[in-house]
Amino acid sequence: MSDDTKNNDGIKNIIVFGAGGRVGRAAVNEAVARGHRVTAVVRDPAKYRDLEGSSVRLVRGDVTDPASVAALAAGHGAAVNASARLDIPSEEYFTAAARALVSGLDRAAVRRLLTVGIGATLETAPGVRVMDGPEFPAAFRTFSQGHVAEFELLGAEAGPELDWLMMVPPLDLNQEATVTGGYRTAVGTVLDGPGRIAHADFARALIDEIDRPRHSRVQLAVSV
């Protein structure tokens, strides 16, 4: 794979952390469909050989390790973090990943980062988030708090050279949802409507923000 972050044809090198998950796979597929080259980062490549292709390089990596991020991200124009862990406390994992990405991407001179958030952190009214509702499940609130901490850490520790964005699907990010080929966005707030989106439509929004960046340093809600 070339070390050029972008060639004269507009083809970019994109690194996707958590490429084995549903959002990660959709992001890889969308990027490849547009002609981009992708480095797909997973913890165990042997489990994800189906991701490999002429435009996809499958590698082992650790998004919570700044040295791993720096080594793998060098030569890329943008990074996507679609990773998640259920065997590590949410706040611990997402802040570790955010801190490693801030440090590692800086060392690799990667200037665009998209990280995937969760719909529970969006506001339903000024200062009131979905996760703040009394009926919201406690266990899910704890997991959602990891993304709140991640967002706060990015805001506090990412330097001005890192153009980062947290992209947030609705709570019903659904593999069986109808793929519409479109989406709507809002900054920080829940969008009116069904609150459902297919992985492919969400991935379209992700790669659009790499191809034509329009938002920075906010939570961007995405829904159909």
# chains A, B, ... in the order shown; residues from 1 in each chain; ligands from 1

call {"tool": "residues_around", "arguments": {"residues": "segment 165-172 of chain A", "least_positions_apart": "3", "cutoff": "6 Å", "atoms": "only C-alpha atoms", "output": "VMD selection string"}}
result
chain A and resid 114 to 119 195 to 196 216 to 222

call {"tool": "write_last_selection", "arguments": {"atoms": "all heavy atoms", "output": "compact mmCIF listing (two decimals), in the first residue's frame"}}
result
# COMPACT_ATOMS: atom_id res chain seq x y z
N LEU A 114 -12.55 10.20 12.98
CA LEU A 114 -13.97 10.01 13.22
C LEU A 114 -14.12 8.88 14.22
O LEU A 114 -13.58 7.78 13.99
CB LEU A 114 -14.71 9.66 11.94
CG LEU A 114 -14.57 10.63 10.76
CD1 LEU A 114 -15.41 10.16 9.60
CD2 LEU A 114 -14.96 12.03 11.16
N THR A 115 -14.79 9.13 15.31
CA THR A 115 -15.05 8.08 16.29
C THR A 115 -16.55 7.88 16.44
O THR A 115 -17.32 8.84 16.32
CB THR A 115 -14.38 8.41 17.64
OG1 THR A 115 -14.48 7.27 18.51
CG2 THR A 115 -15.01 9.63 18.30
N VAL A 116 -16.96 6.65 16.66
CA VAL A 116 -18.38 6.31 16.70
C VAL A 116 -18.89 6.38 18.13
O VAL A 116 -18.36 5.72 19.03
CB VAL A 116 -18.62 4.91 16.12
CG1 VAL A 116 -20.11 4.54 16.20
CG2 VAL A 116 -18.14 4.84 14.67
N GLY A 117 -19.91 7.20 18.35
CA GLY A 117 -20.51 7.34 19.66
C GLY A 117 -21.76 6.48 19.81
O GLY A 117 -21.95 5.50 19.10
N ILE A 118 -22.62 6.89 20.75
CA ILE A 118 -23.83 6.12 21.02
C ILE A 118 -25.00 7.07 21.24
O ILE A 118 -24.85 8.15 21.85
CB ILE A 118 -23.63 5.19 22.25
CG1 ILE A 118 -24.75 4.17 22.37
CG2 ILE A 118 -23.46 5.99 23.54
CD1 ILE A 118 -24.46 3.08 23.40
N GLY A 119 -26.17 6.69 20.74
CA GLY A 119 -27.32 7.58 20.73
C GLY A 119 -27.79 8.02 22.11
O GLY A 119 -28.44 9.07 22.24
N GLY A 195 -35.77 7.02 14.46
CA GLY A 195 -34.62 6.70 15.31
C GLY A 195 -33.99 5.37 14.96
O GLY A 195 -33.58 4.60 15.83
N ARG A 196 -33.88 5.12 13.67
CA ARG A 196 -33.34 3.84 13.19
C ARG A 196 -32.49 4.10 11.96
O ARG A 196 -32.82 4.98 11.15
CB ARG A 196 -34.49 2.89 12.84
CG ARG A 196 -34.08 1.45 12.59
CD ARG A 196 -35.28 0.61 12.18
NE ARG A 196 -35.10 -0.78 12.54
CZ ARG A 196 -35.63 -1.79 11.86
NH1 ARG A 196 -36.36 -1.57 10.78
NH2 ARG A 196 -35.44 -3.03 12.26
N SER A 216 -16.74 19.39 12.90
CA SER A 216 -15.52 19.18 13.68
C SER A 216 -15.78 19.41 15.17
O SER A 216 -16.53 20.32 15.53
CB SER A 216 -14.42 20.13 13.20
OG SER A 216 -13.20 19.90 13.89
N ARG A 217 -15.23 18.53 16.00
CA ARG A 217 -15.21 18.71 17.46
C ARG A 217 -16.60 18.81 18.07
O ARG A 217 -16.82 19.55 19.03
CB ARG A 217 -14.36 19.92 17.84
CG ARG A 217 -12.89 19.72 17.48
CD ARG A 217 -12.04 20.95 17.75
NE ARG A 217 -10.65 20.60 17.58
CZ ARG A 217 -9.80 20.29 18.56
NH1 ARG A 217 -10.21 20.31 19.81
NH2 ARG A 217 -8.55 19.97 18.30
N VAL A 218 -17.56 18.06 17.52
CA VAL A 218 -18.91 18.00 18.06
C VAL A 218 -19.38 16.56 18.01
O VAL A 218 -18.76 15.69 17.41
CB VAL A 218 -19.90 18.89 17.26
CG1 VAL A 218 -19.52 20.34 17.37
CG2 VAL A 218 -19.97 18.44 15.79
N GLN A 219 -20.53 16.32 18.65
CA GLN A 219 -21.26 15.08 18.43
C GLN A 219 -22.22 15.32 17.27
O GLN A 219 -23.06 16.23 17.33
CB GLN A 219 -22.07 14.69 19.68
CG GLN A 219 -21.29 14.08 20.80
CD GLN A 219 -22.23 13.58 21.87
OE1 GLN A 219 -23.10 14.32 22.36
NE2 GLN A 219 -22.08 12.34 22.26
N LEU A 220 -22.10 14.52 16.23
CA LEU A 220 -22.97 14.67 15.06
C LEU A 220 -23.93 13.48 15.02
O LEU A 220 -23.55 12.35 14.75
CB LEU A 220 -22.15 14.72 13.77
CG LEU A 220 -22.96 15.01 12.51
CD1 LEU A 220 -23.51 16.44 12.54
CD2 LEU A 220 -22.12 14.79 11.27
N ALA A 221 -25.20 13.76 15.32
CA ALA A 221 -26.23 12.72 15.25
C ALA A 221 -26.52 12.40 13.79
O ALA A 221 -26.61 13.31 12.95
CB ALA A 221 -27.49 13.19 15.95
N VAL A 222 -26.69 11.12 13.49
CA VAL A 222 -26.98 10.67 12.13
C VAL A 222 -28.17 9.72 12.17
O VAL A 222 -28.17 8.75 12.94
CB VAL A 222 -25.77 9.95 11.50
CG1 VAL A 222 -26.08 9.54 10.06
CG2 VAL A 222 -24.52 10.81 11.56

call {"tool": "select_by_dssp", "arguments": {"residues": "chain A", "states": "alpha helix (DSSP H)", "output": "PyMOL selection string"}}
result
chain A and resi 22-33+66-73+90-108+138-157+199-211

call {"tool": "closest_residue", "arguments": {"among": "A:Ala125, A:Ala82, A:Ile88, A:Val38", "to": "Ala203 of chain A", "atoms": "only C-alpha atoms"}}
result
A:Ala82

call {"tool": "residues_around", "arguments": {"residues": "segment 175-180 of chain A", "least_positions_apart": "2", "cutoff": "8 Å", "atoms": "only C-alpha atoms", "output": "mmCIF file with C-alpha atoms, in the first residue's frame"}}
result
data_model
loop_
_atom_site.group_PDB
_atom_site.id
_atom_site.type_symbol
_atom_site.label_atom_id
_atom_site.label_comp_id
_atom_site.auth_asym_id
_atom_site.auth_seq_id
_atom_site.Cartn_x
_atom_site.Cartn_y
_atom_site.Cartn_z
ATOM 1 C CA ARG A 22 -20.673 -4.294 12.079
ATOM 2 C CA LEU A 173 -28.522 0.923 14.641
ATOM 3 C CA GLY A 182 -29.420 8.860 2.538
ATOM 4 C CA TYR A 183 -29.351 10.287 6.048
ATOM 5 C CA ARG A 196 -33.343 3.840 13.190
ATOM 6 C CA ILE A 197 -30.575 3.487 10.635
ATOM 7 C CA ALA A 198 -28.892 0.712 8.697
ATOM 8 C CA HIS A 199 -25.155 0.190 9.101
ATOM 9 C CA ALA A 200 -24.625 0.946 5.410
ATOM 10 C CA ASP A 201 -26.345 4.339 5.667
ATOM 11 C CA VAL A 224 -32.562 8.489 8.287
#

call {"tool": "atom_distance", "arguments": {"atom1": "atom CA of Ile207 of chain A", "atom2": "atom CA of Pro45 of chain A"}}
result
23.2 Å

call {"tool": "atom_distance", "arguments": {"atom1": "atom CA of Gln145 of chain A", "atom2": "atom CA of Ser90 of chain A"}}
result
7.3 Å

call {"tool": "atom_distance", "arguments": {"atom1": "atom CA of Lys12 of chain A", "atom2": "atom CA of Glu52 of chain A"}}
result
17.4 Å

call {"tool": "select_by_dssp", "arguments": {"residues": "segment 54-172 of chain A", "states": "strand (DSSP E or B)", "output": "list of chain:residue names"}}
result
A:Val56, A:Arg57, A:Leu58, A:Val59, A:Arg60, A:Ala78, A:Ala79, A:Val80, A:Asn81, A:Arg112, A:Leu113, A:Leu114, A:Thr115, A:Val116, A:Glu123, A:Thr124, A:Ala125, A:Val128, A:Arg129, A:Asp163, A:Trp164, A:Leu165, A:Met166, A:Met167, A:Val168, A:Asp172

call {"tool": "write_last_selection", "arguments": {"atoms": "N, CA and C atoms", "output": "short mmCIF file (atom, residue, chain, number, x, y, z; two decimals), in the first residue's frame"}}
result
data_model
loop_
_atom_site.label_atom_id
_atom_site.label_comp_id
_atom_site.auth_asym_id
_atom_site.auth_seq_id
_atom_site.Cartn_x
_atom_site.Cartn_y
_atom_site.Cartn_z
N VAL A 56 -7.86 -3.67 0.64
CA VAL A 56 -7.93 -3.76 2.10
C VAL A 56 -6.75 -4.56 2.63
N ARG A 57 -6.01 -3.94 3.54
CA ARG A 57 -4.91 -4.61 4.23
C ARG A 57 -5.36 -4.90 5.65
N LEU A 58 -5.40 -6.15 6.03
CA LEU A 58 -5.84 -6.57 7.35
C LEU A 58 -4.64 -6.69 8.28
N VAL A 59 -4.71 -6.01 9.44
CA VAL A 59 -3.57 -6.01 10.35
C VAL A 59 -4.04 -6.18 11.79
N ARG A 60 -3.12 -6.65 12.62
CA ARG A 60 -3.36 -6.73 14.05
C ARG A 60 -2.97 -5.39 14.69
N ALA A 78 -6.89 9.62 7.07
CA ALA A 78 -7.96 9.72 8.05
C ALA A 78 -8.06 8.41 8.81
N ALA A 79 -8.61 8.50 10.03
CA ALA A 79 -8.80 7.33 10.88
C ALA A 79 -10.25 7.26 11.33
N VAL A 80 -10.76 6.04 11.44
CA VAL A 80 -12.09 5.78 11.98
C VAL A 80 -11.93 4.86 13.17
N ASN A 81 -12.53 5.21 14.29
CA ASN A 81 -12.54 4.31 15.44
C ASN A 81 -13.95 3.78 15.64
N ARG A 112 -7.32 13.75 10.60
CA ARG A 112 -8.78 13.61 10.64
C ARG A 112 -9.12 12.32 11.38
N LEU A 113 -9.94 12.43 12.43
CA LEU A 113 -10.39 11.28 13.21
C LEU A 113 -11.90 11.31 13.33
N LEU A 114 -12.55 10.20 12.98
CA LEU A 114 -13.97 10.01 13.22
C LEU A 114 -14.12 8.88 14.22
N THR A 115 -14.79 9.13 15.31
CA THR A 115 -15.05 8.08 16.29
C THR A 115 -16.55 7.88 16.44
N VAL A 116 -16.96 6.65 16.66
CA VAL A 116 -18.38 6.31 16.70
C VAL A 116 -18.89 6.38 18.13
N GLU A 123 -28.80 14.81 23.27
CA GLU A 123 -29.77 15.57 24.06
C GLU A 123 -31.17 15.49 23.46
N THR A 124 -32.15 15.37 24.34
CA THR A 124 -33.55 15.46 23.94
C THR A 124 -34.09 16.86 24.20
N ALA A 125 -33.42 17.60 25.05
CA ALA A 125 -33.70 19.01 25.37
C ALA A 125 -32.39 19.59 25.88
N VAL A 128 -30.33 17.90 28.68
CA VAL A 128 -30.97 16.63 29.05
C VAL A 128 -30.66 15.58 27.98
N ARG A 129 -29.93 14.54 28.37
CA ARG A 129 -29.56 13.48 27.44
C ARG A 129 -30.53 12.31 27.55
N ASP A 163 -8.41 17.16 13.63
CA ASP A 163 -9.77 17.51 13.25
C ASP A 163 -10.66 16.31 13.57
N TRP A 164 -11.17 16.23 14.80
CA TRP A 164 -11.91 15.04 15.23
C TRP A 164 -13.42 15.30 15.25
N LEU A 165 -14.15 14.22 15.17
CA LEU A 165 -15.61 14.29 15.15
C LEU A 165 -16.17 13.00 15.73
N MET A 166 -17.13 13.11 16.64
CA MET A 166 -17.83 11.93 17.14
C MET A 166 -19.15 11.81 16.39
N MET A 167 -19.32 10.73 15.65
CA MET A 167 -20.53 10.51 14.87
C MET A 167 -21.42 9.51 15.61
N VAL A 168 -22.68 9.88 15.78
CA VAL A 168 -23.56 9.16 16.70
C VAL A 168 -24.80 8.63 15.98
N ASP A 172 -31.29 2.64 17.65
CA ASP A 172 -31.60 1.48 16.80
C ASP A 172 -30.71 1.49 15.56
#

call {"tool": "residues_around", "arguments": {"residues": "segment 61-73 of chain A", "least_positions_apart": "2", "cutoff": "8 Å", "atoms": "only C-alpha atoms", "output": "list of chain:residue names"}}
result
A:Ile15, A:Phe17, A:Val41, A:Val42, A:Arg43, A:Val59, A:Gly75, A:His76, A:Ala79, A:Ser83, A:Tyr93, A:Ala96, A:Ala97, A:Ala98, A:Arg99, A:Ala100, A:Leu101, A:Ser103, A:Gly104, A:Leu105, A:Asp106, A:Arg107, A:Ala108, A:Val110
